[in-house]
Every structure is written in structure tokens, then in C-alpha cells.
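K.L.:
I am attaching a structure below and will ask some questions about it afterwards.
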Amino acid sequence: MAATSVQVAAIGGNITPRMAKTSDPSSSHSNPLGDELRATRAAKPCVLVIFGATGDLTKRKLVPSLMGLAKDGLLPPGFAVVGFARRAWSDEGFRTECADGVRQFGRSQTPECFDALGDAFTFHQSDFGDRAGYESLKKKLEQIDRSRGTAGNRIFYLATPPSSYSAILQNLAATGLSTEKDGKFARVIVEKPFGRDIATAVALNDQVRAAFRERQVFRIDHYLGKETVQNILALRFANGIFEPLWNEKFVDHVQITVAESIGVGSRGGYFEESGIIRDMIQNHLMQVLTLVAMEPPTSLTADAVRDEKVKVLKAIRSFRPEDVDSNTVRAQYTRGSFGGEEVKGYKNEEGVAAESVTETYAAVRLHVDNWRWARTPFFLRSGKRLPRRVTEVAITFKQPPLSLFDGGRWQTPNVLLLRIQPDEGVALRFGAKVPGPDVHIRDVRMDFRYGTAFASESADAYERLLFDSMLGDGTLFARADEVEEAWRIVDSIVAGWKHSARRPEEYVAGTWGPERADSLLGPGRTWRKP
Ligand code: BG6
């Protein structure tokens, strides 16, 4: 059997041509995709310092993801984690919490990885504003370099509330920890929220730049680490059939939905300050939009991809305050039921003001003023307490010029559906003749599912992003200008809402949002009910 040539295209990495091994068809255990799925990029030894290590993110996401990397053999040989936080935890206490997180939230077999790697985790107690804590951290890191072979490379992960970022950044700079020298790297990963409007985002970018250069900075948007989000670029640019149709001549409109069935839970206090527009739309939905709408980049390097993404954001029209009501709908969930269980309305959630006007649902019509999309609106919606957790992009195509079937009643448009989560895959909806002597048309689907096409457990988004930060590959991270442009658009919406006499609509928890959201789409269009 002849060997076939495959290309492992990792978005954000170089495309590495490799020869696939000749697979042995007689072996039922050989995975024909095994070679394709193996990474060709290797991370250098390093220490990951997590600021705010006693928080939820470390336990739920970061440590389980590190163990996912360990399971897949992707952690560098010299590797260590230092948890930095105010609380008086011991190394042992930190390890116990981490082990617990891996058991609860990790992939299969990752708890065993933690058993083997646990002693690479240590704890460092200090206030974020205490300079002495950083001096002693520096010494500790040097000692770890000697004992664990981490080679002087550091990644600082800001997993604290944003109010602590400034103190941490200043101290990292003042103690020289942010300086790269002798070929050793120092990088910083910044968690969202990245500001709460353009002014605070610019100020934060300035603070970050006072300590680090842009290429050292990795602003996390975990949606970019999702396989299916990365697949948007693969679908568009690795195939010849979609791109010719990917424009205003053929696409009627695009719907981007990020629906969640959960409510705000214990995060009411945070949510009151952010609302769905800042929590989801400014970052996750805008990032997905840029990948759907961008022009082909000249390569897959970080700046080539991000240059194109930022151009899309720049082309999106800001709203004048008086135009916001006709282009957006915001709403709040009221008491309702899920699977027979009663759930609270938003105003009754912990930490939420009784007279709150914070939106838990928003739908927005955006216009991308460029040659490709000038007449194609993008509709974005996101909400809590919607019937299902689903993220999808629906590219809805224009109708054929003349409807010949079913007496002209066949009007269902073709939809290319990118299912980001769950049930990850891509589907194409089109009309087909119903078998029989009469000519009737019904819509059918061609369906690709990740789960069946690639028999592998898919990694958490944080795994990919942590790995890329170790490689120094910023493609899947937001650049300063992207963040600021997204705020420009969102700020104009928020300003319009402030100026508006209209209060948020209401929707019953467990329904697809307020009725007015339908009118946003315009005649002949409806929101998908996934
Ligand atoms: C976070 C938001 O960024 O994303 C949360 O702050 C939201 O409110 C979460 O629940 C959704 O992420 P995912 O990966 O579960 O879709």
C-alpha cells in the first residue's frame, strides 16, 4: 500500500508537511488518523506562575488542561507550576486542590498524570501588591530552574479579578521578571474581562505594554481554543467550494448564536456589572464573527491572521445612540421551568438588584461595511436560561431566482450550519425531491460530525491555548487592537441603551428569548431554534 502525503495544518502554527506512515489495514487497533493527530510542535521547558491560584479557574480549567497536555505528551520535559495567591496554603494543600480539580473536571486518565506530576506544583503566598513577594518568587523560580530544568522560561497567568492586574504587572516589571534576556522567554496570559469599555481596555493595554512587549502578551478568549472555532478557517480556506459563495452575492444573512441553559448562578454580582453584552458578545461572539467574515490571510502566522480579523472589526459600523433600539434587543429572564424544575428569575438571583436593568439576553444586527459583506447583515445573539446550551453559526444563502417547485411554495433557504458545541460538526441543509410520482421538495441535511469522523477525545479549549502560549504562538489570542475595536462597537450599543427610554424586555426562563428579537431579522427571516 502506498504511503499518502498528509499535511498537518495547525491553525496558528506552521503547516508542517509530513509523510503519513503506511497504515496496516490488518490491524484493527491502528488509527489511520493517529499520525495526523500527533502534534509536530514541541514546547520549551518553562514554569507557569498562576496568579490567583486559589480561584475557580485554576481548579476547573487550568490544572485539568495541563494534565490533558501531559496525557497527550505535550508538556515540555522541564515543567513546573507555581500557584501565587494571598491565602495561606501549603504546597500540599495546593496539590490536594489541584488533584481534586483534575478528578472532577479532567479528561479520562488525567488524574493518573497528576499523581505522577504533582510534586511539580508548589504554592507561593503573597499579596499581589507586595514587592517582597515577587523578589522571593524570583528566587524560587531560579531554584526551580535548577531542580526541574525549566531553563529560565516563565509564563505568568493572570487569573485574578482585573482589579489586581495593575499591581501584578507593575511588580513583574519592577523585579525584572517580565524582561526577556539571554534567549529566555517571559510571557503573560491575561484573562477576560479585558476592560469594561474602550477607555479601560486602552488603559489596561498601556499597563500591559509598560511591562511586556505585545509579542509577549497572550489575551485569552477561550472560544478561540475550541476545535470547531479553529475549524472555521479550515473549512473556509482549505476547501475550494465555499469561498466563492462566501459573500453578499450569495449569503442572505449570518446568525451567530451562543445560547446557555444555565442562569447566572453565584455570579450575579459580576453579571450585574457586565451583562451579556460585555460577558459574551464583546469577546466570544465578536471573535467568532471575525473568523467567519475575514478575508483569506496570506499565511497562518499570528499577525497575518490577526491583521485580517482586525480589519473586519474596523469595518463594523458603530451605532448612533438613536439607532440602537432598532438594531438590538435586550432582555432579562423571568421565573420559568427546565425539565419540570422551577428556576428563579434573574432579579431573584443572588447579588442582583431587585430593580436591575442588566440584560441576560441580547440580539444585535451588525453591518460589516466592506466589499464582501456590504448587504449581508450579521445577527448575533446570546442569552442565559435559553432552552439549550448551543453555539452555532448559520450561514443562510439567498433563494434561487425562480421558485419552480411546489407551486412556488418551496422557499426554504440553504443553510450551512457550523455547530461549535455540542454535537460538533458541519451540516448543509438543502432541498431534495421526496420519492414518489409527484414532485415535492423537502429539506434534508448533509452532516459531518467530529465525533464520528475523528475517533479522538477532543481537548478542552484551555489545553490548546496553554500549549500555544508555551510555544509563543499568539494566533489564537486577541491582539490589543482587536480588543479595542470590539469595545468601540459594544460601547456604542451600551451608550444607546443608556440613552433609550425602552427598558429590557422579559423572557420566561427556558424559552428562546423575547418576541421582539424576531422583528430584528426583517421580513422572511427567522431565528433558528436549535
Ligand atoms: C465565559 C462567560 O467567558 O464563557 C460565562 O463569562 C459563560 O458567562 C462561558 O458561561 C461560556 O463558555 P462555554 O465554553 O461553556 O461556552
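Residue names in the C-alpha cells use chain letters A, B, ... in the order shown, residue numbers from 1 in each chain, and ligand numbers from 1 in the order shown.
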Fewer than 4 positions away in the same chain doesn't count, so skip those; otherwise give me all residues within 9 Å of Glu295 (chain A), counting only C-alpha atoms, as a compact mmCIF listing (two decimals) with N, CA, C and O atoms, in the first residue's frame.
P.N.:
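File out_24.txt, as written:
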# COMPACT_ATOMS: atom_id res chain seq x y z
N LEU A 291 -13.77 35.45 12.43
CA LEU A 291 -13.29 34.30 11.67
C LEU A 291 -14.21 33.96 10.50
O LEU A 291 -13.77 33.51 9.45
N GLU A 308 -6.12 40.38 9.49
CA GLU A 308 -7.39 40.25 8.76
C GLU A 308 -8.57 40.34 9.71
O GLU A 308 -9.61 40.91 9.38
N LYS A 309 -8.43 39.76 10.91
CA LYS A 309 -9.54 39.81 11.87
C LYS A 309 -9.83 41.25 12.27
O LYS A 309 -10.98 41.67 12.38
N LYS A 311 -9.31 43.91 10.62
CA LYS A 311 -9.93 44.66 9.51
C LYS A 311 -11.45 44.49 9.52
O LYS A 311 -12.18 45.43 9.22
N VAL A 312 -11.90 43.28 9.85
CA VAL A 312 -13.35 43.06 9.91
C VAL A 312 -13.96 43.93 11.01
O VAL A 312 -14.96 44.61 10.80
N ARG A 372 -17.03 42.73 0.66
CA ARG A 372 -17.55 41.37 0.71
C ARG A 372 -18.95 41.29 1.34
O ARG A 372 -19.80 40.51 0.93
K.L.:
List as a list in words the protein and nucleic acid residues lying within 7 Å of ligand 1, with only C-alpha atoms and all ligand atoms counted.
P.N.:
His222, Tyr223, Glu260, Asp279 and Met280 of chain A
K.L.:
Pick out the residues sitting within 6 Å of region 351-365 of chain A, and hand them over as a compact mmCIF listing (two decimals) with N, CA and C atoms, in the first residue's frame; count only C-alpha atoms, and ignore anything fewer than 5 positions along from it in its own chain.
P.N.:
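Output contents, as saved in out_37.txt:
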# COMPACT_ATOMS: atom_id res chain seq x y z
N GLY A 268 -23.98 36.50 40.16
CA GLY A 268 -24.89 37.63 39.99
C GLY A 268 -24.19 38.98 40.14
N GLY A 269 -23.32 39.09 41.13
CA GLY A 269 -22.62 40.36 41.39
C GLY A 269 -21.80 40.77 40.18
N GLU A 272 -24.14 41.62 37.08
CA GLU A 272 -24.79 42.92 37.17
C GLU A 272 -23.94 44.01 36.51
N GLY A 275 -23.40 42.25 32.23
CA GLY A 275 -24.49 41.94 31.30
C GLY A 275 -23.96 41.04 30.20
N ILE A 276 -24.86 40.51 29.39
CA ILE A 276 -24.43 39.56 28.35
C ILE A 276 -23.61 40.26 27.27
N ASN A 327 -31.71 48.27 16.16
CA ASN A 327 -30.74 47.26 15.75
C ASN A 327 -30.39 46.25 16.84
N THR A 328 -31.00 46.40 18.00
CA THR A 328 -30.68 45.49 19.10
C THR A 328 -31.95 45.16 19.89
N VAL A 329 -31.88 44.04 20.59
CA VAL A 329 -32.94 43.70 21.55
C VAL A 329 -32.23 43.20 22.80
N ARG A 330 -32.63 43.69 23.95
CA ARG A 330 -32.04 43.18 25.19
C ARG A 330 -33.17 42.73 26.09
N ALA A 331 -32.89 41.74 26.91
CA ALA A 331 -33.96 41.19 27.74
C ALA A 331 -33.39 40.49 28.96
N GLN A 332 -34.30 40.21 29.87
CA GLN A 332 -33.93 39.58 31.15
C GLN A 332 -34.82 38.37 31.37
N PHE A 378 -25.18 40.62 9.82
CA PHE A 378 -24.76 39.59 10.78
C PHE A 378 -25.61 39.76 12.03
N PHE A 379 -26.32 38.71 12.40
CA PHE A 379 -27.14 38.76 13.61
C PHE A 379 -26.46 37.95 14.70
N LEU A 380 -26.20 38.60 15.81
CA LEU A 380 -25.55 37.91 16.93
C LEU A 380 -26.55 37.82 18.07
N ARG A 381 -26.66 36.67 18.71
CA ARG A 381 -27.49 36.63 19.92
C ARG A 381 -26.86 35.71 20.94
N SER A 382 -27.06 36.07 22.17
CA SER A 382 -26.55 35.25 23.27
C SER A 382 -27.46 35.44 24.46
N GLY A 383 -27.64 34.40 25.23
CA GLY A 383 -28.50 34.53 26.40
C GLY A 383 -28.29 33.42 27.40
N LYS A 384 -28.63 33.73 28.63
CA LYS A 384 -28.65 32.74 29.71
C LYS A 384 -30.08 32.22 29.82
K.L.:
Show me, as a list in words, the residues that have an atom within 10 Å of Phe405 (chain A) when counting only C-alpha atoms, minus same-chain residues fewer than 6 positions from it.
P.N.:
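Once the nearby chain positions are removed, what remains is Gln411, Lys433, Val439, His440 and Ile441 of chain A.
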K.L.:
Which residues are close to region 50-53 of chain A, i.e. within 6 Å by only C-alpha atoms, leaving aside same-chain residues fewer than 6 positions away? Reply as number ranges by chain.
P.N.:
A: 83-85, 157-160
K.L.:
Using DSSP on the backbone coordinates, identify all residues within region 302-395 of chain A classified as strand (DSSP E or B); present the result as number ranges by chain.
P.N.:
A: 316, 328-334, 336-338, 341-343, 361-368, 377-383, 390-395
K.L.:
Write to file, as a short mmCIF file (atom, residue, chain, number, x, y, z; two decimals), in the first residue's frame, the residues of the selection just made, with N, CA and C atoms.
P.N.:
data_model
loop_
_atom_site.label_atom_id
_atom_site.label_comp_id
_atom_site.auth_asym_id
_atom_site.auth_seq_id
_atom_site.Cartn_x
_atom_site.Cartn_y
_atom_site.Cartn_z
N ILE A 316 -16.92 47.18 10.95
CA ILE A 316 -18.27 47.12 11.56
C ILE A 316 -18.66 48.51 12.04
N THR A 328 -31.00 46.40 18.00
CA THR A 328 -30.68 45.49 19.10
C THR A 328 -31.95 45.16 19.89
N VAL A 329 -31.88 44.04 20.59
CA VAL A 329 -32.94 43.70 21.55
C VAL A 329 -32.23 43.20 22.80
N ARG A 330 -32.63 43.69 23.95
CA ARG A 330 -32.04 43.18 25.19
C ARG A 330 -33.17 42.73 26.09
N ALA A 331 -32.89 41.74 26.91
CA ALA A 331 -33.96 41.19 27.74
C ALA A 331 -33.39 40.49 28.96
N GLN A 332 -34.30 40.21 29.87
CA GLN A 332 -33.93 39.58 31.15
C GLN A 332 -34.82 38.37 31.37
N TYR A 333 -34.28 37.29 31.91
CA TYR A 333 -35.15 36.12 32.12
C TYR A 333 -35.98 36.27 33.39
N THR A 334 -37.19 35.76 33.30
CA THR A 334 -38.05 35.73 34.49
C THR A 334 -38.20 34.27 34.89
N GLY A 336 -39.12 30.54 35.46
CA GLY A 336 -39.60 29.59 34.46
C GLY A 336 -39.27 28.18 34.88
N SER A 337 -39.33 27.26 33.95
CA SER A 337 -39.01 25.89 34.36
C SER A 337 -38.16 25.19 33.31
N PHE A 338 -37.31 24.30 33.82
CA PHE A 338 -36.43 23.47 32.99
C PHE A 338 -36.69 22.02 33.34
N GLU A 341 -38.43 21.50 36.41
CA GLU A 341 -37.90 22.12 37.64
C GLU A 341 -38.03 23.64 37.57
N GLU A 342 -38.55 24.22 38.62
CA GLU A 342 -38.72 25.69 38.68
C GLU A 342 -37.35 26.37 38.81
N VAL A 343 -37.13 27.42 38.03
CA VAL A 343 -35.89 28.20 38.23
C VAL A 343 -36.25 29.67 38.46
N TYR A 361 -29.93 38.58 28.01
CA TYR A 361 -30.09 38.16 26.61
C TYR A 361 -29.86 39.40 25.76
N ALA A 362 -29.17 39.24 24.66
CA ALA A 362 -29.09 40.35 23.70
C ALA A 362 -29.01 39.79 22.30
N ALA A 363 -29.67 40.47 21.41
CA ALA A 363 -29.56 40.15 19.98
C ALA A 363 -29.20 41.46 19.28
N VAL A 364 -28.29 41.38 18.32
CA VAL A 364 -27.74 42.59 17.71
C VAL A 364 -27.62 42.39 16.20
N ARG A 365 -27.99 43.39 15.43
CA ARG A 365 -27.76 43.35 13.98
C ARG A 365 -26.52 44.19 13.67
N LEU A 366 -25.51 43.56 13.10
CA LEU A 366 -24.29 44.30 12.79
C LEU A 366 -24.10 44.39 11.27
N HIS A 367 -23.57 45.52 10.85
CA HIS A 367 -23.29 45.72 9.43
C HIS A 367 -21.79 45.78 9.24
N VAL A 368 -21.29 44.91 8.39
CA VAL A 368 -19.86 44.91 8.09
C VAL A 368 -19.69 45.68 6.79
N PRO A 377 -26.43 41.31 6.51
CA PRO A 377 -26.35 41.56 7.95
C PRO A 377 -25.86 40.35 8.74
N PHE A 378 -25.18 40.62 9.82
CA PHE A 378 -24.76 39.59 10.78
C PHE A 378 -25.61 39.76 12.03
N PHE A 379 -26.32 38.71 12.40
CA PHE A 379 -27.14 38.76 13.61
C PHE A 379 -26.46 37.95 14.70
N LEU A 380 -26.20 38.60 15.81
CA LEU A 380 -25.55 37.91 16.93
C LEU A 380 -26.55 37.82 18.07
N ARG A 381 -26.66 36.67 18.71
CA ARG A 381 -27.49 36.63 19.92
C ARG A 381 -26.86 35.71 20.94
N SER A 382 -27.06 36.07 22.17
CA SER A 382 -26.55 35.25 23.27
C SER A 382 -27.46 35.44 24.46
N GLY A 383 -27.64 34.40 25.23
CA GLY A 383 -28.50 34.53 26.40
C GLY A 383 -28.29 33.42 27.40
N VAL A 390 -26.11 25.76 23.32
CA VAL A 390 -25.72 25.52 21.93
C VAL A 390 -25.00 26.75 21.37
N THR A 391 -23.91 26.49 20.66
CA THR A 391 -23.21 27.56 19.95
C THR A 391 -23.16 27.15 18.49
N GLU A 392 -23.62 28.02 17.62
CA GLU A 392 -23.59 27.68 16.20
C GLU A 392 -23.52 28.94 15.34
N VAL A 393 -23.03 28.73 14.13
CA VAL A 393 -23.03 29.80 13.13
C VAL A 393 -23.86 29.28 11.96
N ALA A 394 -24.88 30.03 11.59
CA ALA A 394 -25.71 29.59 10.46
C ALA A 394 -25.53 30.58 9.31
N ILE A 395 -24.96 30.09 8.21
CA ILE A 395 -24.79 30.92 7.02
C ILE A 395 -26.02 30.62 6.16
#
K.L.:
Mind listing the helix (DSSP H, G or I) residues of region 153-351 of chain A, per DSSP on the backbone, as a PyMOL selection string?
P.N.:
chain A and resi 162-174+198-211+214-216+222-225+227-237+243-245+265-293+302-315+321-327+346-348
K.L.:
I'd like the contact shell of Lys226 (chain A) - 10 Å cut-off, only C-alpha atoms, skipping same-chain residues fewer than 3 positions apart - returned as a ChimeraX atom specification.
P.N.:
/A:221-223,229-231,420-421,458-465,476
K.L.:
Excluding same-chain residues fewer than 3 positions from Leu418 (chain A), what lies within 12 Å of it counting only C-alpha atoms, as a CSV table (one decimal) with C-alpha atoms, in the first residue's frame?
P.N.:
chain,number,residue,atom,x,y,z
A,227,GLU,CA,-11.5,22.9,17.8
A,228,THR,CA,-14.7,23.8,16.0
A,229,VAL,CA,-13.9,27.6,16.1
A,230,GLN,CA,-10.5,26.9,14.6
A,231,ASN,CA,-12.2,24.7,12.0
A,232,ILE,CA,-14.0,27.8,10.7
A,233,LEU,CA,-10.7,28.8,9.0
A,234,ALA,CA,-10.0,25.3,7.8
A,235,LEU,CA,-13.5,25.0,6.3
A,236,ARG,CA,-13.2,28.3,4.5
A,254,VAL,CA,-25.4,35.1,9.1
A,255,GLN,CA,-26.7,34.1,12.5
A,256,ILE,CA,-24.3,33.6,15.3
A,257,THR,CA,-25.9,32.1,18.4
A,288,VAL,CA,-16.3,34.1,16.0
A,292,VAL,CA,-16.5,33.9,9.6
A,390,VAL,CA,-25.7,25.5,21.9
A,391,THR,CA,-23.2,27.6,20.0
A,392,GLU,CA,-23.6,27.7,16.2
A,393,VAL,CA,-23.0,29.8,13.1
A,394,ALA,CA,-25.7,29.6,10.5
A,395,ILE,CA,-24.8,30.9,7.0
A,396,THR,CA,-28.1,31.4,5.3
A,415,VAL,CA,-28.1,26.9,5.4
A,421,GLN,CA,-20.9,22.9,20.5
A,422,PRO,CA,-22.2,20.5,21.4
A,423,ASP,CA,-22.5,17.8,18.8
A,424,GLU,CA,-19.6,19.4,17.0
A,425,GLY,CA,-19.8,19.4,13.2
A,426,VAL,CA,-20.9,21.0,10.0
A,427,ALA,CA,-24.2,20.5,8.2
A,428,LEU,CA,-25.6,21.7,4.9
A,429,ARG,CA,-29.3,22.0,4.5
A,447,ASP,CA,-23.9,16.1,8.0
A,448,PHE,CA,-20.3,15.9,9.2
A,449,ARG,CA,-19.7,15.1,12.9
A,450,TYR,CA,-16.4,15.4,14.6
A,530,PRO,CA,-31.6,24.7,17.5
K.L.:
Using Å and a single decimal, report how far CA of Ser65 (chain A) sits from CA of Gln104 (chain A).
P.N.:
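Atom-to-atom, CA of Gln104 (chain A) and CA of Ser65 (chain A) are spaced 12.0 Å apart.
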K.L.:
With only C-alpha atoms counted and 12 Å as the cut-off, give the residues of region 278-326 of chain A in contact with region 509-524 of chain A, each with its shortest interatomic distance in Å and the pair that gives it, as JSON lines.
P.N.:
{"residue": "A:Val324", "atom": "CA", "partner": "A:Leu520", "partner_atom": "CA", "distance": 11.3}
{"residue": "A:Asp325", "atom": "CA", "partner": "A:Leu520", "partner_atom": "CA", "distance": 9.8}
{"residue": "A:Ser326", "atom": "CA", "partner": "A:Leu520", "partner_atom": "CA", "distance": 7.3}
K.L.:
What are the closest atom pairs, with distances in Å to one decimal, for each residue of region 40-84 of chain A lying within 10 Å of region 172-187 of chain A, using only C-alpha atoms, rows by chain and rising residue number, as CSV?
P.N.:
residue,atom,partner,partner_atom,distance
A:Lys44,CA,A:Phe185,CA,9.6
A:Cys46,CA,A:Phe185,CA,8.6
A:Val47,CA,A:Ala186,CA,9.7
A:Leu48,CA,A:Arg187,CA,9.5
K.L.:
Determine the nearest neighbour of Glu457 (chain A) from the options A:Ser108, A:Phe79, A:Gln399, A:Leu117, counting only C-alpha atoms.
P.N.:
A:Ser108
K.L.:
Looking at A:Val63, A:Ala478, A:Met446, A:Ala259, which one is nearest to Ala302 (chain A), with distances taken over only C-alpha atoms?
P.N.:
A:Ala478
K.L.:
I'd like the interatomic distance between CA of Thr40 (chain A) and CA of Leu74 (chain A), to a tenth of an Å.
P.N.:
9.9 Å
